file query-v9.csv (CSV, C-alpha atoms)
chain,number,residue,atom,x,y,z
Q,1,MET,CA,206.8,8.3,-80.0
Q,2,ALA,CA,207.1,11.5,-78.0
Q,3,ARG,CA,210.6,12.9,-77.2
Q,4,TYR,CA,211.5,15.3,-74.4
Q,5,ASP,CA,214.6,16.7,-72.9
Q,6,TYR,CA,213.0,16.6,-69.5
Q,7,LEU,CA,210.3,14.1,-68.5
Q,8,ILE,CA,208.5,14.3,-65.1
Q,9,VAL,CA,206.4,11.5,-63.9
Q,10,GLY,CA,203.8,12.7,-61.4
Q,11,GLY,CA,201.6,15.8,-61.6
Q,12,GLY,CA,201.8,17.3,-58.2
Q,13,MET,CA,203.5,20.2,-56.4
Q,14,THR,CA,206.9,18.5,-56.8
Q,15,ALA,CA,206.4,18.2,-60.6
Q,16,ASP,CA,205.5,21.9,-60.9
Q,17,ALA,CA,208.5,23.0,-58.8
Q,18,ALA,CA,210.8,20.9,-60.8
Q,19,ALA,CA,209.6,22.3,-64.1
Q,20,ARG,CA,210.2,25.8,-62.8
Q,21,GLY,CA,213.7,24.8,-61.6
Q,22,ILE,CA,214.5,23.5,-65.1
Q,23,ARG,CA,213.3,26.7,-66.7
Q,24,GLU,CA,215.6,28.8,-64.5
Q,25,ARG,CA,218.6,27.2,-66.3
Q,26,ASP,CA,217.1,26.0,-69.6
Q,27,THR,CA,214.6,28.2,-71.3
Q,28,ARG,CA,214.3,26.2,-74.4
Q,29,GLY,CA,214.5,22.5,-73.5
Q,30,SER,CA,211.3,20.5,-74.0
Q,31,ILE,CA,209.5,19.5,-70.8
Q,32,ALA,CA,206.6,17.1,-70.3
Q,33,ILE,CA,204.7,16.2,-67.1
Q,34,ILE,CA,202.7,13.0,-67.0
Q,35,GLY,CA,200.1,13.0,-64.3
Q,36,ALA,CA,197.5,10.5,-63.2
Q,37,GLU,CA,195.0,13.2,-62.1
Q,38,ARG,CA,193.0,15.0,-64.7
Q,39,ASP,CA,193.6,18.3,-63.0
Q,40,PRO,CA,196.8,20.3,-63.6
Q,41,PRO,CA,199.2,20.7,-60.7
Q,42,TYR,CA,197.7,22.5,-57.7
Q,43,ASN,CA,198.6,23.3,-54.1
Q,44,ARG,CA,197.5,20.4,-51.9
Q,45,PRO,CA,197.4,21.9,-48.3
Q,46,PRO,CA,194.2,24.0,-49.0
Q,47,LEU,CA,192.2,20.9,-49.6
Q,48,THR,CA,192.0,20.4,-45.8
Q,49,LYS,CA,192.7,24.0,-44.8
Q,50,GLY,CA,191.9,27.3,-46.7
Q,51,LEU,CA,189.2,25.9,-49.1
Q,52,TRP,CA,187.0,25.1,-46.0
Q,53,LYS,CA,187.5,28.6,-44.7
Q,54,GLY,CA,186.3,30.5,-47.7
Q,55,ASP,CA,189.4,30.6,-50.0
Q,56,ALA,CA,188.5,30.5,-53.7
Q,57,LEU,CA,189.1,27.3,-55.6
Q,58,ASP,CA,191.0,29.2,-58.2
Q,59,SER,CA,193.6,30.1,-55.6
Q,60,ILE,CA,195.1,26.6,-55.6
Q,61,TRP,CA,196.3,26.3,-59.2
Q,62,ARG,CA,200.0,26.3,-59.8
Q,63,LYS,CA,199.7,27.7,-63.4
Q,64,THR,CA,202.3,25.3,-64.6
Q,65,ASP,CA,201.6,26.2,-68.2
Q,66,GLU,CA,203.3,29.5,-67.6
Q,67,VAL,CA,206.7,27.7,-68.0
Q,68,HIS,CA,205.8,26.1,-71.3
Q,69,VAL,CA,205.3,22.5,-70.2
Q,70,ASP,CA,203.5,19.8,-72.1
Q,71,LEU,CA,200.9,18.4,-69.6
Q,72,GLN,CA,199.8,14.8,-70.2
Q,73,LEU,CA,197.0,14.5,-67.7
Q,74,GLY,CA,194.8,11.6,-66.8
Q,75,ARG,CA,197.6,9.1,-67.7
Q,76,ARG,CA,199.6,6.7,-65.5
Q,77,VAL,CA,203.1,5.6,-66.5
Q,78,ALA,CA,203.0,1.8,-66.6
Q,79,ALA,CA,206.5,0.9,-67.6
Q,80,LEU,CA,210.0,2.4,-67.4
Q,81,ASP,CA,212.9,1.2,-69.5
Q,82,ALA,CA,216.0,2.8,-68.0
Q,83,GLU,CA,218.3,1.3,-70.6
Q,84,ARG,CA,216.4,2.8,-73.5
Q,85,LYS,CA,215.4,5.9,-71.6
Q,86,GLN,CA,211.8,5.4,-72.3
Q,87,VAL,CA,208.5,5.3,-70.4
Q,88,THR,CA,205.1,4.0,-71.6
Q,89,ASP,CA,201.8,5.2,-70.2
Q,90,ASP,CA,198.6,3.3,-69.7
Q,91,GLN,CA,197.2,4.4,-73.0
Q,92,GLY,CA,200.1,2.9,-74.9
Q,93,THR,CA,202.1,6.1,-75.6
Q,94,THR,CA,205.8,5.8,-75.3
Q,95,TYR,CA,208.0,8.8,-74.4
Q,96,ASP,CA,211.8,9.1,-74.9
Q,97,TYR,CA,213.6,11.3,-72.4
Q,98,ARG,CA,217.1,12.7,-71.9
Q,99,THR,CA,216.5,13.2,-68.1
Q,100,LEU,CA,213.8,11.8,-66.0
Q,101,LEU,CA,212.3,12.8,-62.7
Q,102,LEU,CA,210.2,10.4,-60.6
Q,103,ALA,CA,207.8,12.5,-58.6
Q,104,THR,CA,205.3,9.8,-58.2
Q,105,GLY,CA,204.3,10.6,-54.6
Q,106,GLY,CA,202.4,7.8,-52.9
Q,107,GLU,CA,199.1,5.9,-52.9
Q,108,PRO,CA,196.7,6.2,-49.9
Q,109,ARG,CA,196.6,3.2,-47.6
Q,110,THR,CA,193.2,1.6,-47.7
Q,111,LEU,CA,191.0,-0.5,-45.4
Q,112,PRO,CA,191.1,-4.2,-46.3
Q,113,GLY,CA,187.8,-5.6,-47.3
Q,114,ALA,CA,186.0,-2.2,-47.2
Q,115,PRO,CA,183.3,-1.4,-49.7
Q,116,ASP,CA,183.6,1.1,-52.5
Q,117,GLY,CA,182.8,4.7,-51.8
Q,118,ILE,CA,185.2,5.4,-48.9
Q,119,ILE,CA,187.1,8.6,-49.4
Q,120,TYR,CA,190.8,8.1,-48.8
Q,121,PHE,CA,191.4,11.8,-48.7
Q,122,ARG,CA,194.3,13.1,-50.8
Q,123,THR,CA,193.3,14.7,-54.1
Q,124,LEU,CA,191.2,17.6,-55.4
Q,125,ALA,CA,188.6,15.1,-56.5
Q,126,ASP,CA,188.4,13.9,-52.9
Q,127,TYR,CA,187.9,17.5,-51.7
Q,128,ARG,CA,185.1,18.1,-54.2
Q,129,ARG,CA,183.3,15.0,-53.2
Q,130,SER,CA,183.7,15.7,-49.5
Q,131,ARG,CA,182.6,19.3,-49.9
Q,132,ASP,CA,179.5,18.3,-51.8
Q,133,LEU,CA,178.5,16.0,-49.0
Q,134,ALA,CA,179.3,18.5,-46.4
Q,135,ASP,CA,177.3,21.2,-48.1
Q,136,ARG,CA,174.3,18.9,-48.0
Q,137,GLY,CA,174.7,18.4,-44.2
Q,138,ARG,CA,175.8,14.8,-44.3
Q,139,ARG,CA,177.0,12.8,-41.3
Q,140,PHE,CA,180.7,11.7,-41.4
Q,141,VAL,CA,182.9,9.1,-39.8
Q,142,VAL,CA,186.6,10.0,-40.0
Q,143,ILE,CA,189.0,7.2,-39.4
Q,144,GLY,CA,192.5,8.2,-38.2
Q,145,GLY,CA,193.7,11.0,-36.0
Q,146,GLY,CA,196.9,11.9,-37.8
Q,147,PHE,CA,197.7,14.8,-40.1
Q,148,ILE,CA,194.8,14.3,-42.6
Q,149,GLY,CA,192.3,12.9,-40.1
Q,150,SER,CA,192.7,15.8,-37.6
Q,151,GLU,CA,192.5,18.5,-40.3
Q,152,ILE,CA,189.5,17.1,-42.2
Q,153,ALA,CA,187.5,16.5,-39.0
Q,154,ALA,CA,188.0,20.1,-38.0
Q,155,ALA,CA,187.2,21.3,-41.5
Q,156,LEU,CA,183.9,19.4,-41.6
Q,157,ARG,CA,182.9,20.7,-38.2
Q,158,LEU,CA,183.5,24.2,-39.5
Q,159,GLN,CA,180.7,23.4,-41.9
Q,160,ASN,CA,178.5,22.3,-39.0
Q,161,CYS,CA,178.6,18.6,-40.1
Q,162,ASP,CA,178.1,15.8,-37.6
Q,163,VAL,CA,181.6,14.3,-37.3
Q,164,THR,CA,182.7,11.2,-35.4
Q,165,MET,CA,186.4,10.3,-35.3
Q,166,VAL,CA,187.6,6.7,-34.7
Q,167,LEU,CA,191.2,6.5,-33.6
Q,168,ARG,CA,193.3,3.5,-32.9
Q,169,ASP,CA,195.7,5.6,-30.9
Q,170,LYS,CA,195.0,7.1,-27.4
Q,171,GLY,CA,194.8,10.7,-28.7
Q,172,ILE,CA,194.8,13.0,-31.7
Q,173,GLY,CA,198.2,13.2,-33.3
Q,174,ALA,CA,199.5,10.7,-30.7
Q,175,ARG,CA,202.4,9.6,-32.8
Q,176,ILE,CA,203.9,13.1,-33.0
Q,177,PHE,CA,202.6,15.0,-30.0
Q,178,PRO,CA,203.5,14.4,-26.3
Q,179,ALA,CA,200.8,12.4,-24.6
Q,180,ASP,CA,199.4,15.3,-22.5
Q,181,LEU,CA,199.1,17.5,-25.6
Q,182,SER,CA,197.5,14.8,-27.6
Q,183,THR,CA,195.0,14.2,-24.8
Q,184,SER,CA,194.2,17.9,-24.4
Q,185,LEU,CA,193.6,18.0,-28.2
Q,186,VAL,CA,190.9,15.3,-27.9
Q,187,GLU,CA,189.1,17.4,-25.2
Q,188,TYR,CA,189.4,20.5,-27.4
Q,189,TYR,CA,187.9,18.6,-30.4
Q,190,ARG,CA,185.0,17.5,-28.1
Q,191,THR,CA,184.3,21.1,-27.1
Q,192,LYS,CA,184.0,21.8,-30.8
Q,193,GLY,CA,181.4,19.2,-31.2
Q,194,VAL,CA,183.4,16.3,-32.6
Q,195,THR,CA,182.7,12.9,-31.2
Q,196,VAL,CA,186.0,11.1,-30.6
Q,197,HIS,CA,186.4,7.4,-29.9
Q,198,LEU,CA,189.9,6.4,-28.8
Q,199,GLY,CA,191.8,3.1,-28.9
Q,200,GLU,CA,189.3,1.7,-31.4
Q,201,SER,CA,189.9,-0.4,-34.5
Q,202,VAL,CA,187.5,-0.7,-37.4
Q,203,SER,CA,186.6,-4.3,-37.7
Q,204,LYS,CA,184.2,-4.0,-40.7
Q,205,ILE,CA,182.5,-1.4,-42.9
Q,206,ALA,CA,179.4,-2.2,-44.8
Q,207,ARG,CA,176.7,-0.5,-46.9
Q,208,ALA,CA,173.2,-0.5,-45.6
Q,209,ALA,CA,170.1,-0.8,-47.8
Q,210,ASP,CA,169.8,3.0,-47.9
Q,211,ARG,CA,173.5,3.1,-49.2
Q,212,ARG,CA,174.7,4.7,-45.9
Q,213,PHE,CA,177.8,3.2,-44.3
Q,214,VAL,CA,177.8,1.1,-41.1
Q,215,VAL,CA,181.2,1.1,-39.3
Q,216,ASP,CA,181.7,-1.7,-36.8
Q,217,THR,CA,184.2,-1.1,-34.0
Q,218,GLY,CA,184.9,-2.6,-30.7
Q,219,GLY,CA,183.8,-0.5,-27.8
Q,220,ALA,CA,182.1,2.2,-29.9
Q,221,GLY,CA,179.8,-0.3,-31.4
Q,222,ARG,CA,178.1,0.4,-34.8
Q,223,LEU,CA,178.4,3.8,-36.2
Q,224,GLU,CA,176.2,5.0,-39.1
Q,225,ALA,CA,177.3,7.7,-41.5
Q,226,ASP,CA,176.5,9.1,-44.9
Q,227,ALA,CA,180.3,9.2,-45.7
Q,228,VAL,CA,183.5,7.7,-44.4
Q,229,ILE,CA,186.8,9.5,-44.8
Q,230,ALA,CA,190.0,7.6,-44.0
Q,231,GLY,CA,193.3,9.3,-43.4
Q,232,LEU,CA,195.6,6.3,-43.1
Q,233,GLY,CA,198.8,7.7,-44.6
Q,234,ILE,CA,200.4,6.8,-47.9
Q,235,ALA,CA,202.7,4.1,-49.3
Q,236,PRO,CA,205.4,5.6,-51.6
Q,237,ALA,CA,204.7,4.8,-55.2
Q,238,THR,CA,207.9,2.9,-56.1
Q,239,GLU,CA,206.7,0.5,-58.8
Q,240,LEU,CA,208.5,2.2,-61.6
Q,241,ALA,CA,211.7,2.4,-59.6
Q,242,GLU,CA,211.5,-1.3,-58.9
Q,243,GLN,CA,211.2,-2.0,-62.6
Q,244,ALA,CA,214.3,0.0,-63.2
Q,245,GLY,CA,216.3,-1.6,-60.4
Q,246,LEU,CA,216.7,1.7,-58.5
Q,247,PRO,CA,217.7,1.6,-54.8
Q,248,LEU,CA,214.7,1.4,-52.5
Q,249,ASP,CA,214.2,1.8,-48.7
Q,250,ASP,CA,210.7,3.0,-47.8
Q,251,GLY,CA,210.9,5.1,-51.0
Q,252,ILE,CA,213.4,5.8,-53.7
Q,253,VAL,CA,216.9,6.3,-52.3
Q,254,VAL,CA,218.6,9.4,-53.8
Q,255,ASP,CA,222.1,10.9,-53.4
Q,256,GLU,CA,222.9,14.4,-52.3
Q,257,GLU,CA,222.0,15.7,-55.8
Q,258,LEU,CA,218.8,13.7,-55.9
Q,259,ARG,CA,220.0,11.2,-58.4
Q,260,ALA,CA,218.3,7.9,-58.1
Q,261,GLY,CA,221.1,5.4,-58.9
Q,262,ARG,CA,220.8,5.3,-62.7
Q,263,ASP,CA,222.1,7.7,-65.3
Q,264,GLY,CA,219.7,10.5,-66.1
Q,265,ILE,CA,217.1,9.5,-63.4
Q,266,TYR,CA,216.2,11.7,-60.4
Q,267,ALA,CA,213.6,11.4,-57.7
Q,268,ALA,CA,212.0,14.0,-55.5
Q,269,GLY,CA,209.0,14.7,-53.2
Q,270,ASP,CA,207.0,12.2,-51.1
Q,271,VAL,CA,208.6,9.2,-52.8
Q,272,ALA,CA,212.2,10.2,-52.3
Q,273,ARG,CA,214.4,9.1,-49.3
Q,274,PHE,CA,217.3,11.5,-48.8
Q,275,HIS,CA,220.2,12.1,-46.4
Q,276,ASN,CA,219.7,15.1,-44.2
Q,277,PRO,CA,222.9,16.5,-42.7
Q,278,ALA,CA,221.3,18.2,-39.8
Q,279,LEU,CA,219.7,15.0,-38.6
Q,280,GLY,CA,222.5,12.8,-39.8
Q,281,LYS,CA,220.2,10.2,-41.3
Q,282,ARG,CA,218.0,9.4,-44.3
Q,283,ILE,CA,214.4,10.7,-44.1
Q,284,ARG,CA,211.4,10.8,-46.4
Q,285,VAL,CA,209.0,13.8,-46.0
Q,286,GLU,CA,205.4,14.0,-47.2
Q,287,HIS,CA,204.8,17.8,-46.9
Q,288,GLU,CA,204.5,20.9,-48.9
Q,289,ASP,CA,207.9,22.5,-48.0
Q,290,ASN,CA,209.8,19.5,-49.1
Q,291,ALA,CA,207.8,19.1,-52.3
Q,292,ASN,CA,208.5,22.7,-53.3
Q,293,THR,CA,212.1,22.9,-52.2
Q,294,MET,CA,213.2,19.5,-53.3
Q,295,GLY,CA,211.3,19.7,-56.6
Q,296,LYS,CA,213.1,22.9,-57.5
Q,297,ILE,CA,216.5,21.5,-56.7
Q,298,ALA,CA,215.7,18.4,-58.7
Q,299,GLY,CA,214.8,20.5,-61.7
Q,300,LEU,CA,217.9,22.7,-61.4
Q,301,ASN,CA,220.0,19.6,-61.2
Q,302,MET,CA,218.3,18.0,-64.2
Q,303,ALA,CA,219.4,21.0,-66.1
Q,304,GLY,CA,223.0,20.7,-64.8
Q,305,ALA,CA,223.2,22.8,-61.7
Q,306,GLY,CA,224.8,20.1,-59.5
Q,307,LEU,CA,223.4,21.4,-56.2
Q,308,ARG,CA,223.3,19.5,-53.0
Q,309,TYR,CA,219.9,19.1,-51.3
Q,310,GLU,CA,220.5,19.8,-47.6
Q,311,HIS,CA,217.3,21.5,-46.7
Q,312,LEU,CA,215.5,20.4,-43.5
Q,313,PRO,CA,211.8,20.7,-44.3
Q,314,PHE,CA,209.0,21.9,-42.0
Q,315,PHE,CA,205.3,21.2,-42.0
Q,316,TYR,CA,202.3,23.0,-40.6
Q,317,SER,CA,198.6,22.4,-39.7
Q,318,ASP,CA,195.4,24.2,-38.8
Q,319,LEU,CA,193.1,22.7,-36.2
Q,320,PHE,CA,190.1,25.0,-35.7
Q,321,ASP,CA,191.6,28.1,-34.2
Q,322,ARG,CA,194.9,26.4,-33.2
Q,323,GLY,CA,197.8,25.7,-35.4
Q,324,TYR,CA,201.4,24.7,-35.4
Q,325,GLU,CA,204.6,24.5,-37.4
Q,326,ALA,CA,207.0,21.7,-36.9
Q,327,VAL,CA,210.5,21.0,-38.2
Q,328,GLY,CA,212.9,18.0,-37.9
Q,329,ASP,CA,212.2,14.6,-36.3
Q,330,VAL,CA,208.9,15.2,-34.4
Q,331,ASP,CA,208.3,11.8,-32.9
Q,332,ALA,CA,206.4,11.2,-29.7
Q,333,GLY,CA,208.8,8.3,-29.0
Q,334,LEU,CA,211.6,10.7,-28.3
Q,335,GLU,CA,212.3,12.6,-25.1
Q,336,THR,CA,210.2,15.8,-25.1
Q,337,VAL,CA,210.6,19.1,-23.2
Q,338,ALA,CA,207.6,21.4,-23.3
Q,339,ASP,CA,208.0,25.1,-22.7
Q,340,TRP,CA,204.4,26.4,-22.5
Q,341,LYS,CA,203.5,30.1,-22.4
Q,342,GLU,CA,200.0,28.9,-21.9
Q,343,PRO,CA,199.6,25.1,-21.4
Q,344,PHE,CA,198.4,23.4,-24.6
Q,345,LYS,CA,197.5,26.8,-26.2
Q,346,GLU,CA,200.8,28.4,-27.0
Q,347,GLY,CA,204.4,27.2,-26.6
Q,348,VAL,CA,207.2,25.1,-27.9
Q,349,VAL,CA,208.0,21.4,-27.6
Q,350,TYR,CA,211.5,20.2,-28.1
Q,351,TYR,CA,212.3,16.6,-29.1
Q,352,LEU,CA,215.6,15.2,-27.9
Q,353,GLU,CA,217.7,12.2,-28.6
Q,354,ARG,CA,220.9,11.7,-26.5
Q,355,GLY,CA,220.9,15.4,-25.6
Q,356,ARG,CA,220.6,16.7,-29.1
Q,357,VAL,CA,217.5,18.5,-30.3
Q,358,ARG,CA,216.1,16.5,-33.2
Q,359,GLY,CA,212.8,18.3,-33.7
Q,360,VAL,CA,210.8,21.3,-32.7
Q,361,LEU,CA,207.0,21.8,-32.5
Q,362,LEU,CA,205.9,25.4,-32.6
Q,363,TRP,CA,202.4,25.4,-31.1
Q,364,ASN,CA,200.6,28.6,-32.0
Q,365,THR,CA,204.1,30.1,-32.1
Q,366,TRP,CA,205.1,31.6,-35.4
Q,367,ASN,CA,208.1,32.8,-37.5
Q,368,GLN,CA,210.5,30.6,-35.6
Q,369,VAL,CA,211.2,27.8,-38.2
Q,370,ASP,CA,214.6,29.1,-39.1
Q,371,ALA,CA,215.6,29.5,-35.5
Q,372,ALA,CA,214.4,25.9,-34.9
Q,373,ARG,CA,216.5,24.6,-37.8
Q,374,ALA,CA,219.5,26.4,-36.3
Q,375,LEU,CA,218.9,24.7,-32.9
Q,376,ILE,CA,218.6,21.3,-34.5
Q,377,ALA,CA,221.9,21.8,-36.2
Q,378,GLU,CA,223.7,22.5,-32.9
Q,379,PRO,CA,225.6,19.5,-31.5
Q,380,GLY,CA,224.5,20.0,-27.9
Q,381,PRO,CA,224.2,18.3,-25.6
Q,382,PHE,CA,221.3,20.2,-24.0
Q,383,ARG,CA,219.7,19.7,-20.6
Q,384,PRO,CA,216.0,20.4,-20.4
Q,385,ASN,CA,216.4,23.5,-18.4
Q,386,GLN,CA,218.6,25.0,-21.1
Q,387,LEU,CA,215.8,24.9,-23.6
Q,388,LYS,CA,213.3,26.8,-21.5
Q,389,GLY,CA,212.9,30.2,-23.1
Q,390,ARG,CA,215.2,29.3,-26.0
Q,391,LEU,CA,212.5,29.9,-28.6
Q,392,PRO,CA,211.0,32.3,-29.6
Q,393,ALA,CA,214.4,33.6,-30.5
call {"tool": "encode", "arguments": {"input": "query-v9.csv", "output": "structure tokens"}}
result
Amino acid sequence: MARYDYLIVGGGMTADAAARGIRERDTRGSIAIIGAERDPPYNRPPLTKGLWKGDALDSIWRKTDEVHVDLQLGRRVAALDAERKQVTDDQGTTYDYRTLLLATGGEPRTLPGAPDGIIYFRTLADYRRSRDLADRGRRFVVIGGGFIGSEIAAALRLQNCDVTMVLRDKGIGARIFPADLSTSLVEYYRTKGVTVHLGESVSKIARAADRRFVVDTGGAGRLEADAVIAGLGIAPATELAEQAGLPLDDGIVVDEELRAGRDGIYAAGDVARFHNPALGKRIRVEHEDNANTMGKIAGLNMAGAGLRYEHLPFFYSDLFDRGYEAVGDVDAGLETVADWKEPFKEGVVYYLERGRVRGVLLWNTWNQVDAARALIAEPGPFRPNQLKGRLPA
């Protein structure tokens, strides 16, 4: 039986940030992190960004051991007993805790009936495997044109790999970008040498006799590849929360202090659904800024700080030599107002709902996230012409 003052389930960025938050208030309490990966906590964004552009692998490590944490790696928590304040891992070890943080993140969505060997890109192990194949000049099929799909396709082309994208949507990033920007991004990828098939569903994936993959689609026919990478999003990992009877709604529902409905249990990061005052609704965010900020607040609160989490996270992406930062509700289904300095190359897109700005996309426009947050907090209403030239501030 192991006993800890603070127990964190999940070994990602949120876990590291929480441990550091705890240490700001409690320098002596015992902390353990139980993580399914064998690697200690690391920064995840470089897996599809900087590591493909020459950044050193050593640059990703979070150095969690600096804050005197017991790292239990390569272990999954299989059971949570909220009454006894105990968890048990898949190796049969039981841990007592005084305060628990569920930072379990999510599991990649997979392709039904697909063979083994597909890379559902999310972890450092996925990067290592993909990089090894890329360095050997392999041919790739990338399924999905969202956040992960668009980034990994660009990263692979930077290594001069043969890359084909298969998208169910009508454009890259179609669920967050306005239709004309999404369409222009497809053409941009094609100029970079990426083959893009739009409006296509994968009907079957099989392994050929030479162990290569054969991807069957509708209009695109049969695509052959040495590797298939799928970026299909994640499902929040709520199994332990279900066991403990915690409130669920597309994630673990937390209050303003990130408490998860039971005494001594908190949740943070990708798995947590929280109320954001600026948007006036509950949201769940799967990006770095939220992991770091929410994780730290969770750790501080585990140690008694009693802080409210009211942060509106942002996220960012690199797509060849274009990039963006986005904050708020960036949803292509909302009304959009584009203010281009140079169409589809530099500008700002505003997302409106009933006259209020709910989200801002800063396309090759930098250092404006705080100004965008302030605009989202304004009650409005705004007319489209009032937003022209509003940012950069």
call {"tool": "residues_around", "arguments": {"input": "query-v9.csv", "residues": "Q:Phe140", "least_positions_apart": "3", "cutoff": "6 Å", "atoms": "only C-alpha atoms", "output": "number ranges by chain"}}
result
Q: 163, 225, 227-228
call {"tool": "atom_distance", "arguments": {"input": "query-v9.csv", "atom1": "atom CA of Q:Gly219", "atom2": "atom CA of Q:Ala114"}}
result
19.6 Å
call {"tool": "atom_distance", "arguments": {"input": "query-v9.csv", "atom1": "atom CA of Q:Tyr127", "atom2": "atom CA of Q:Gly328"}}
result
28.6 Å
call {"tool": "closest_atom_pairs", "arguments": {"input": "query-v9.csv", "of": "stretch 186-298 of chain Q", "to": "stretch 76-95 of chain Q", "cutoff": "9 Å", "atoms": "only C-alpha atoms", "output": "JSON lines"}}
result
{"residue": "Q:Glu239", "atom": "CA", "partner": "Q:Ala78", "partner_atom": "CA", "distance": 8.7}
{"residue": "Q:Leu240", "atom": "CA", "partner": "Q:Leu80", "partner_atom": "CA", "distance": 6.0}
{"residue": "Q:Ala241", "atom": "CA", "partner": "Q:Leu80", "partner_atom": "CA", "distance": 8.0}
{"residue": "Q:Gln243", "atom": "CA", "partner": "Q:Leu80", "partner_atom": "CA", "distance": 6.6}
{"residue": "Q:Ala244", "atom": "CA", "partner": "Q:Ala82", "partner_atom": "CA", "distance": 5.8}
{"residue": "Q:Gly245", "atom": "CA", "partner": "Q:Ala82", "partner_atom": "CA", "distance": 8.8}
{"residue": "Q:Arg262", "atom": "CA", "partner": "Q:Ala82", "partner_atom": "CA", "distance": 7.6}
{"residue": "Q:Asp263", "atom": "CA", "partner": "Q:Ala82", "partner_atom": "CA", "distance": 8.3}
{"residue": "Q:Gly264", "atom": "CA", "partner": "Q:Lys85", "partner_atom": "CA", "distance": 8.4}
{"residue": "Q:Ile265", "atom": "CA", "partner": "Q:Ala82", "partner_atom": "CA", "distance": 8.2}
call {"tool": "closest_residue", "arguments": {"input": "query-v9.csv", "among": "Q:Val337, Q:Tyr6, Q:Asn276, Q:Asn364", "to": "Q:Gly21", "atoms": "all atoms listed in the file"}}
result
Q:Tyr6
call {"tool": "closest_residue", "arguments": {"input": "query-v9.csv", "among": "Q:Pro108, Q:Gly269, Q:Pro40, Q:Gly173", "to": "Q:Ile297", "atoms": "all atoms listed in the file"}}
result
Q:Gly269
call {"tool": "residues_around", "arguments": {"input": "query-v9.csv", "residues": "Q:Gly323", "least_positions_apart": "3", "cutoff": "9 Å", "atoms": "only C-alpha atoms", "output": "list in words"}}
result
Tyr316, Ser317, Asp318, Leu319, Phe320, Leu362, Trp363, Asn364 and Thr365 of chain Q
call {"tool": "closest_residue", "arguments": {"input": "query-v9.csv", "among": "Q:Ala278, Q:Ile152, Q:Ala326, Q:Val254", "to": "Q:Asn367", "atoms": "all atoms listed in the file"}}
result
Q:Ala326
call {"tool": "residues_around", "arguments": {"input": "query-v9.csv", "residues": "Q:Ile60", "least_positions_apart": "4", "cutoff": "10 Å", "atoms": "all atoms listed in the file", "output": "VMD selection string"}}
result
chain Q and resid 41 to 47 50 to 51 55 to 56 124
